[in-house]
>>> print(open('final-v5.pdb').read())   # PDB, C-alpha atoms
ATOM      1  CA  MET A   1      75.976  84.474 105.869
ATOM      2  CA  SER A   2      78.376  87.369 106.461
ATOM      3  CA  SER A   3      77.432  90.595 108.195
ATOM      4  CA  THR A   4      77.881  92.551 104.938
ATOM      5  CA  ASP A   5      75.274  90.284 103.306
ATOM      6  CA  ASP A   6      72.953  90.981 106.252
ATOM      7  CA  TYR A   7      73.693  94.705 105.976
ATOM      8  CA  ASP A   8      72.896  94.717 102.244
ATOM      9  CA  LYS A   9      69.445  93.222 102.966
ATOM     10  CA  LEU A  10      68.529  95.960 105.453
ATOM     11  CA  SER A  11      66.284  98.870 104.518
ATOM     12  CA  LYS A  12      67.772 102.363 104.389
ATOM     13  CA  GLU A  13      66.303 103.205 107.822
ATOM     14  CA  GLU A  14      67.655  99.960 109.341
ATOM     15  CA  ARG A  15      71.105 100.700 107.883
ATOM     16  CA  GLU A  16      71.058 104.215 109.329
ATOM     17  CA  THR A  17      70.039 102.823 112.732
ATOM     18  CA  ARG A  18      72.773 100.176 112.650
ATOM     19  CA  ASP A  19      75.370 102.750 111.509
ATOM     20  CA  LYS A  20      74.354 105.075 114.357
ATOM     21  CA  GLU A  21      74.578 102.237 116.905
ATOM     22  CA  ASP A  22      77.982 101.204 115.522
ATOM     23  CA  ARG A  23      79.270 104.801 115.711
ATOM     24  CA  GLU A  24      78.036 105.122 119.309
ATOM     25  CA  ARG A  25      79.656 101.797 120.271
ATOM     26  CA  GLU A  26      82.910 102.834 118.577
ATOM     27  CA  ALA A  27      82.863 106.228 120.315
ATOM     28  CA  ALA A  28      82.326 104.576 123.723
ATOM     29  CA  GLU A  29      85.139 102.063 123.088
ATOM     30  CA  GLN A  30      87.524 104.794 121.922
ATOM     31  CA  ALA A  31      86.612 107.046 124.890
ATOM     32  CA  ALA A  32      87.519 104.204 127.282
ATOM     33  CA  LEU A  33      91.096 104.071 125.955
ATOM     34  CA  PRO A  34      93.841 105.766 128.023
ATOM     35  CA  TYR A  35      94.566 108.076 125.055
ATOM     36  CA  SER A  36      92.853 109.776 122.130
ATOM     37  CA  TRP A  37      93.959 109.575 118.517
ATOM     38  CA  THR A  38      93.340 110.940 115.064
ATOM     39  CA  GLN A  39      94.697 109.989 111.676
ATOM     40  CA  GLU A  40      95.181 111.097 108.134
ATOM     41  CA  LEU A  41      96.251 108.740 105.371
ATOM     42  CA  GLY A  42      99.940 109.334 106.060
ATOM     43  CA  GLU A  43     100.064 109.849 109.811
ATOM     44  CA  VAL A  44      98.603 109.098 113.233
ATOM     45  CA  ASP A  45      98.555 111.560 116.144
ATOM     46  CA  ILE A  46      98.052 110.323 119.700
ATOM     47  CA  ILE A  47      97.457 112.326 122.887
ATOM     48  CA  VAL A  48      98.239 110.544 126.154
ATOM     49  CA  PRO A  49      97.195 112.408 129.325
ATOM     50  CA  VAL A  50      99.775 112.281 132.141
ATOM     51  CA  PRO A  51      99.666 113.721 135.684
ATOM     52  CA  ARG A  52      99.968 117.525 135.794
ATOM     53  CA  GLY A  53     103.548 118.620 136.379
ATOM     54  CA  THR A  54     105.104 115.648 134.587
ATOM     55  CA  ARG A  55     108.530 116.370 133.102
ATOM     56  CA  GLY A  56     110.167 114.777 130.089
ATOM     57  CA  ARG A  57     112.715 112.998 132.295
ATOM     58  CA  ASP A  58     109.822 111.350 134.209
ATOM     59  CA  LEU A  59     108.591 109.641 131.044
ATOM     60  CA  ASN A  60     109.508 106.374 129.413
ATOM     61  CA  VAL A  61     108.437 106.575 125.740
ATOM     62  CA  VAL A  62     109.428 103.817 123.305
ATOM     63  CA  ILE A  63     108.639 104.199 119.602
ATOM     64  CA  GLN A  64     109.663 101.260 117.415
ATOM     65  CA  LYS A  65     108.680 100.155 113.911
ATOM     66  CA  LYS A  66     105.953  97.872 115.265
ATOM     67  CA  LYS A  67     105.747  98.792 118.982
ATOM     68  CA  LEU A  68     104.668 101.723 121.142
ATOM     69  CA  SER A  69     104.944 102.198 124.884
ATOM     70  CA  VAL A  70     104.251 105.304 126.983
ATOM     71  CA  GLY A  71     104.435 105.553 130.751
ATOM     72  CA  LEU A  72     105.998 107.110 133.798
ATOM     73  CA  LYS A  73     109.378 105.711 134.854
ATOM     74  CA  GLY A  74     109.050 103.059 137.551
ATOM     75  CA  LYS A  75     105.310 102.526 136.912
ATOM     76  CA  GLU A  76     103.185 100.349 134.654
ATOM     77  CA  PRO A  77     102.963 101.809 131.115
ATOM     78  CA  ILE A  78      99.869 103.884 130.362
ATOM     79  CA  LEU A  79      99.781 102.197 126.979
ATOM     80  CA  SER A  80     101.981  99.498 125.555
ATOM     81  CA  GLY A  81     101.709  97.017 122.743
ATOM     82  CA  GLU A  82     102.117  96.155 119.105
ATOM     83  CA  LEU A  83     101.176  98.825 116.574
ATOM     84  CA  CYS A  84      98.534  97.706 114.085
ATOM     85  CA  LYS A  85     100.781  98.740 111.157
ATOM     86  CA  ASP A  86     104.456  99.611 110.625
ATOM     87  CA  ILE A  87     105.721 103.172 111.046
ATOM     88  CA  LYS A  88     108.732 105.193 109.909
ATOM     89  CA  ILE A  89     110.700 105.508 113.147
ATOM     90  CA  GLU A  90     112.946 108.323 111.879
ATOM     91  CA  ASP A  91     109.907 110.523 111.087
ATOM     92  CA  SER A  92     107.940 109.704 114.259
ATOM     93  CA  THR A  93     108.250 111.923 117.334
ATOM     94  CA  TRP A  94     106.867 112.664 120.780
ATOM     95  CA  THR A  95     106.685 115.831 122.854
ATOM     96  CA  LEU A  96     105.399 116.762 126.302
ATOM     97  CA  GLU A  97     102.839 119.554 126.163
ATOM     98  CA  ASP A  98     102.048 121.782 129.158
ATOM     99  CA  GLN A  99     103.448 119.109 131.499
ATOM    100  CA  GLN A 100     100.154 117.226 131.232
ATOM    101  CA  SER A 101      99.988 115.348 127.939
ATOM    102  CA  VAL A 102     102.332 113.428 125.670
ATOM    103  CA  LEU A 103     101.780 114.162 121.969
ATOM    104  CA  ILE A 104     102.946 111.343 119.718
ATOM    105  CA  HIS A 105     103.204 111.760 115.966
ATOM    106  CA  LEU A 106     103.626 108.529 113.973
ATOM    107  CA  GLU A 107     104.430 108.550 110.241
ATOM    108  CA  LYS A 108     102.812 105.572 108.556
ATOM    109  CA  LEU A 109     105.003 103.357 106.394
ATOM    110  CA  ASN A 110     102.034 102.676 104.109
ATOM    111  CA  LYS A 111     100.472 106.074 103.503
ATOM    112  CA  GLN A 112      97.547 104.593 101.558
ATOM    113  CA  ARG A 113      95.794 102.693 104.374
ATOM    114  CA  TRP A 114      93.620 103.756 107.267
ATOM    115  CA  TRP A 115      94.413 102.224 110.638
ATOM    116  CA  GLU A 116      91.635 100.337 112.438
ATOM    117  CA  ASN A 117      93.305 100.948 115.802
ATOM    118  CA  VAL A 118      96.629 102.109 117.227
ATOM    119  CA  LEU A 119      97.529  98.987 119.192
ATOM    120  CA  THR A 120      96.446  95.569 117.939
ATOM    121  CA  HIS A 121      94.775  94.596 121.242
ATOM    122  CA  HIS A 122      92.567  97.718 121.354
ATOM    123  CA  PRO A 123      89.059  98.063 119.862
ATOM    124  CA  LYS A 124      88.878  98.625 116.112
ATOM    125  CA  ILE A 125      87.073 101.345 114.217
ATOM    126  CA  ASP A 126      85.272 100.771 110.918
ATOM    127  CA  THR A 127      87.665 102.292 108.389
ATOM    128  CA  THR A 128      85.063 102.070 105.618
ATOM    129  CA  LYS A 129      83.101 104.838 107.372
ATOM    130  CA  ILE A 130      86.027 107.289 107.530
ATOM    131  CA  GLN A 131      85.306 110.504 105.663
ATOM    132  CA  PRO A 132      88.644 112.194 105.039
ATOM    133  CA  GLU A 133      88.948 115.944 104.800
ATOM    134  CA  ASN A 134      89.070 117.254 101.277
ATOM    135  CA  SER A 135      92.601 117.918 100.183
ATOM    136  CA  LYS A 136      93.503 120.960  98.137
ATOM    137  CA  LEU A 137      94.998 120.618  94.665
ATOM    138  CA  SER A 138      97.957 122.629  95.945
ATOM    139  CA  ASP A 139      98.706 119.790  98.429
ATOM    140  CA  LEU A 140      99.392 117.368  95.564
ATOM    141  CA  ASP A 141     102.692 116.816  93.784
ATOM    142  CA  GLY A 142     102.926 118.166  90.213
ATOM    143  CA  GLU A 143     102.267 114.895  88.379
ATOM    144  CA  THR A 144      99.271 113.927  90.523
ATOM    145  CA  ARG A 145      97.893 117.457  90.357
ATOM    146  CA  GLY A 146      98.123 117.419  86.553
ATOM    147  CA  MET A 147      96.325 114.083  86.406
ATOM    148  CA  VAL A 148      93.533 115.287  88.732
ATOM    149  CA  GLU A 149      93.109 118.546  86.788
ATOM    150  CA  LYS A 150      92.892 116.571  83.513
ATOM    151  CA  MET A 151      90.261 114.256  85.020
ATOM    152  CA  MET A 152      88.269 117.252  86.285
ATOM    153  CA  PHE A 153      88.471 118.946  82.866
ATOM    154  CA  ASP A 154      87.432 115.744  81.046
ATOM    155  CA  ASN A 155      84.509 115.226  83.414
ATOM    156  CA  GLN A 156      83.370 118.826  82.927
ATOM    157  CA  GLN A 157      83.653 118.456  79.130
ATOM    158  CA  LYS A 158      81.617 115.228  79.150
ATOM    159  CA  GLN A 159      78.877 116.869  81.226
ATOM    160  CA  MET A 160      78.634 119.651  78.636
ATOM    161  CA  GLY A 161      78.655 117.160  75.751
ATOM    162  CA  LYS A 162      82.035 118.418  74.539
ATOM    163  CA  PRO A 163      85.147 116.397  73.633
ATOM    164  CA  THR A 164      87.593 115.314  76.363
ATOM    165  CA  SER A 165      91.259 116.355  76.338
ATOM    166  CA  ASP A 166      92.258 113.100  74.571
ATOM    167  CA  GLU A 167      89.555 113.596  71.941
ATOM    168  CA  LEU A 168      90.671 117.230  71.464
ATOM    169  CA  LYS A 169      94.270 116.038  70.903
ATOM    170  CA  LYS A 170      93.100 113.520  68.279
ATOM    171  CA  MET A 171      91.007 116.169  66.542
ATOM    172  CA  GLU A 172      93.955 118.591  66.514
ATOM    173  CA  ALA A 173      96.287 115.909  65.097
ATOM    174  CA  LEU A 174      93.732 115.064  62.394
ATOM    175  CA  LYS A 175      93.303 118.761  61.517
ATOM    176  CA  LYS A 176      97.075 119.180  61.155
ATOM    177  CA  PHE A 177      97.254 116.044  58.984
ATOM    178  CA  GLN A 178      94.440 117.314  56.767
ATOM    179  CA  GLU A 179      96.158 120.721  56.403
ATOM    180  CA  ALA A 180      99.447 118.995  55.535
ATOM    181  CA  HIS A 181      97.707 116.809  52.908
ATOM    182  CA  PRO A 182      95.068 118.931  51.120
ATOM    183  CA  GLU A 183      95.154 116.518  48.162
ATOM    184  CA  LEU A 184      93.403 113.813  50.251
ATOM    185  CA  ASP A 185      89.582 113.750  50.422
ATOM    186  CA  PHE A 186      88.298 113.217  53.969
ATOM    187  CA  SER A 187      84.636 113.967  53.211
ATOM    188  CA  GLN A 188      83.603 110.297  53.386
ATOM    189  CA  ALA A 189      85.961 109.333  56.219
ATOM    190  CA  LYS A 190      84.479 107.981  59.452
ATOM    191  CA  ILE A 191      86.781 108.837  62.316
ATOM    192  CA  SER A 192      86.179 107.684  65.853
TER     193      SER A 192
END
>>> encode(input="final-v5.pdb", output="structure tokens")
Amino acid sequence: MSSTDDYDKLSKEERETRDKEDREREAAEQAALPYSWTQELGEVDIIVPVPRGTRGRDLNVVIQKKKLSVGLKGKEPILSGELCKDIKIEDSTWTLEDQQSVLIHLEKLNKQRWWENVLTHHPKIDTTKIQPENSKLSDLDGETRGMVEKMMFDNQQKQMGKPTSDELKKMEALKKFQEAHPELDFSQAKIS
């Protein structure tokens, strides 16, 4: 029996307890890493603490499509390994901030998937529990924005018991047809 089957059989209180324990375990595992990280659907940002006074020339940072390594020259890397997913190298960058932390910005190749971890050998997070920030309609491209606005309008119309945008278009087309053909009798017509 899989753990999701077990989870489905738990009561609401047991689920909440398990979720809380899982979040605490995840937080402890993530806190033990030599870096911190955040993500949005299209990008991952990593902060790697380095000794105060570190200069850019003291660092050895390697960003490849499937690999990441950060460390001080001549020493063992602070982090090194295979990335859990591919990145766009040309859009990924790193900077040294206040001579004490390396900020790494990785652009995801697949902007539709959450990452479970940064490096494959590090602990995973449960991506099904991620609650993304709400995006604004203005953040969307024109076509997507139009589609979302149409869906919102249709949903609002349905809640009020009114016709959706598609139904309104059909009704308008029928009205124009009836006006163009007054000789036809539509009184007994059943139109869906």
>>> resolve_selection(input="final-v5.pdb", expression="the PyMOL selection byres ((chain A and resi 165) around 8)", output="count of residues only")
9
>>> closest_atom_pairs(input="final-v5.pdb", of="region 97-181 of chain A", to="region 33-39 of chain A", cutoff="12 Å", atoms="all atoms listed in the file", output="Markdown table")
| residue | atom | partner | partner_atom | distance |
| --- | --- | --- | --- | --- |
| A:Ser101 | CA | A:Tyr35 | CA | 9.5 |
| A:Val102 | CA | A:Tyr35 | CA | 9.5 |
| A:Leu103 | CA | A:Trp37 | CA | 9.7 |
| A:Ile104 | CA | A:Trp37 | CA | 9.2 |
| A:His105 | CA | A:Gln39 | CA | 9.7 |
| A:Leu106 | CA | A:Gln39 | CA | 9.3 |
| A:Glu107 | CA | A:Gln39 | CA | 9.9 |
| A:Lys108 | CA | A:Gln39 | CA | 9.8 |
| A:Lys111 | CA | A:Gln39 | CA | 10.7 |
| A:Gln112 | CA | A:Gln39 | CA | 11.8 |
| A:Arg113 | CA | A:Gln39 | CA | 10.4 |
| A:Trp114 | CA | A:Gln39 | CA | 7.7 |
| A:Trp115 | CA | A:Gln39 | CA | 7.8 |
| A:Glu116 | CA | A:Gln39 | CA | 10.2 |
| A:Asn117 | CA | A:Trp37 | CA | 9.1 |
| A:Val118 | CA | A:Trp37 | CA | 8.0 |
| A:Leu119 | CA | A:Leu33 | CA | 10.6 |
| A:His121 | CA | A:Leu33 | CA | 11.2 |
| A:His122 | CA | A:Leu33 | CA | 8.0 |
| A:Pro123 | CA | A:Leu33 | CA | 8.8 |
| A:Lys124 | CA | A:Leu33 | CA | 11.5 |
| A:Ile125 | CA | A:Thr38 | CA | 11.5 |
| A:Thr127 | CA | A:Gln39 | CA | 10.9 |
| A:Ile130 | CA | A:Gln39 | CA | 10.0 |
| A:Gln131 | CA | A:Gln39 | CA | 11.2 |
| A:Pro132 | CA | A:Gln39 | CA | 9.2 |
| A:Glu133 | CA | A:Gln39 | CA | 10.8 |
>>> atom_distance(input="final-v5.pdb", atom1="CA of Lys66 (chain A)", atom2="CA of Asp86 (chain A)")
5.2 Å
>>> atom_distance(input="final-v5.pdb", atom1="CA of Ser92 (chain A)", atom2="CA of Leu59 (chain A)")
16.8 Å
>>> resolve_selection(input="final-v5.pdb", expression="the PyMOL selection byres ((chain A and resi 15-23) around 12)", output="PDB file with C-alpha atoms, keeping the file's coordinate frame")
ATOM      1  CA  SER A   3      77.432  90.595 108.195  1.00  0.00           C
ATOM      2  CA  THR A   4      77.881  92.551 104.938  1.00  0.00           C
ATOM      3  CA  ASP A   6      72.953  90.981 106.252  1.00  0.00           C
ATOM      4  CA  TYR A   7      73.693  94.705 105.976  1.00  0.00           C
ATOM      5  CA  ASP A   8      72.896  94.717 102.244  1.00  0.00           C
ATOM      6  CA  LYS A   9      69.445  93.222 102.966  1.00  0.00           C
ATOM      7  CA  LEU A  10      68.529  95.960 105.453  1.00  0.00           C
ATOM      8  CA  SER A  11      66.284  98.870 104.518  1.00  0.00           C
ATOM      9  CA  LYS A  12      67.772 102.363 104.389  1.00  0.00           C
ATOM     10  CA  GLU A  13      66.303 103.205 107.822  1.00  0.00           C
ATOM     11  CA  GLU A  14      67.655  99.960 109.341  1.00  0.00           C
ATOM     12  CA  GLU A  24      78.036 105.122 119.309  1.00  0.00           C
ATOM     13  CA  ARG A  25      79.656 101.797 120.271  1.00  0.00           C
ATOM     14  CA  GLU A  26      82.910 102.834 118.577  1.00  0.00           C
ATOM     15  CA  ALA A  27      82.863 106.228 120.315  1.00  0.00           C
ATOM     16  CA  ALA A  28      82.326 104.576 123.723  1.00  0.00           C
ATOM     17  CA  GLU A  29      85.139 102.063 123.088  1.00  0.00           C
ATOM     18  CA  GLN A  30      87.524 104.794 121.922  1.00  0.00           C
ATOM     19  CA  ALA A  31      86.612 107.046 124.890  1.00  0.00           C
ATOM     20  CA  LYS A 124      88.878  98.625 116.112  1.00  0.00           C
ATOM     21  CA  ILE A 125      87.073 101.345 114.217  1.00  0.00           C
ATOM     22  CA  ASP A 126      85.272 100.771 110.918  1.00  0.00           C
ATOM     23  CA  THR A 127      87.665 102.292 108.389  1.00  0.00           C
ATOM     24  CA  THR A 128      85.063 102.070 105.618  1.00  0.00           C
ATOM     25  CA  LYS A 129      83.101 104.838 107.372  1.00  0.00           C
ATOM     26  CA  ILE A 130      86.027 107.289 107.530  1.00  0.00           C
TER      27      ILE A 130
END
>>> residues_around(input="final-v5.pdb", residues="region 72-77 of chain A", least_positions_apart="6", cutoff="12 Å", atoms="all atoms listed in the file", output="count of residues only")
17
>>> atom_distance(input="final-v5.pdb", atom1="CA of Lys85 (chain A)", atom2="CA of Ile47 (chain A)")
18.3 Å
>>> closest_residue(input="final-v5.pdb", among="A:Gly161, A:Leu83, A:Gln64, A:Ala189", to="Leu174 (chain A)", atoms="only C-alpha atoms")
A:Ala189
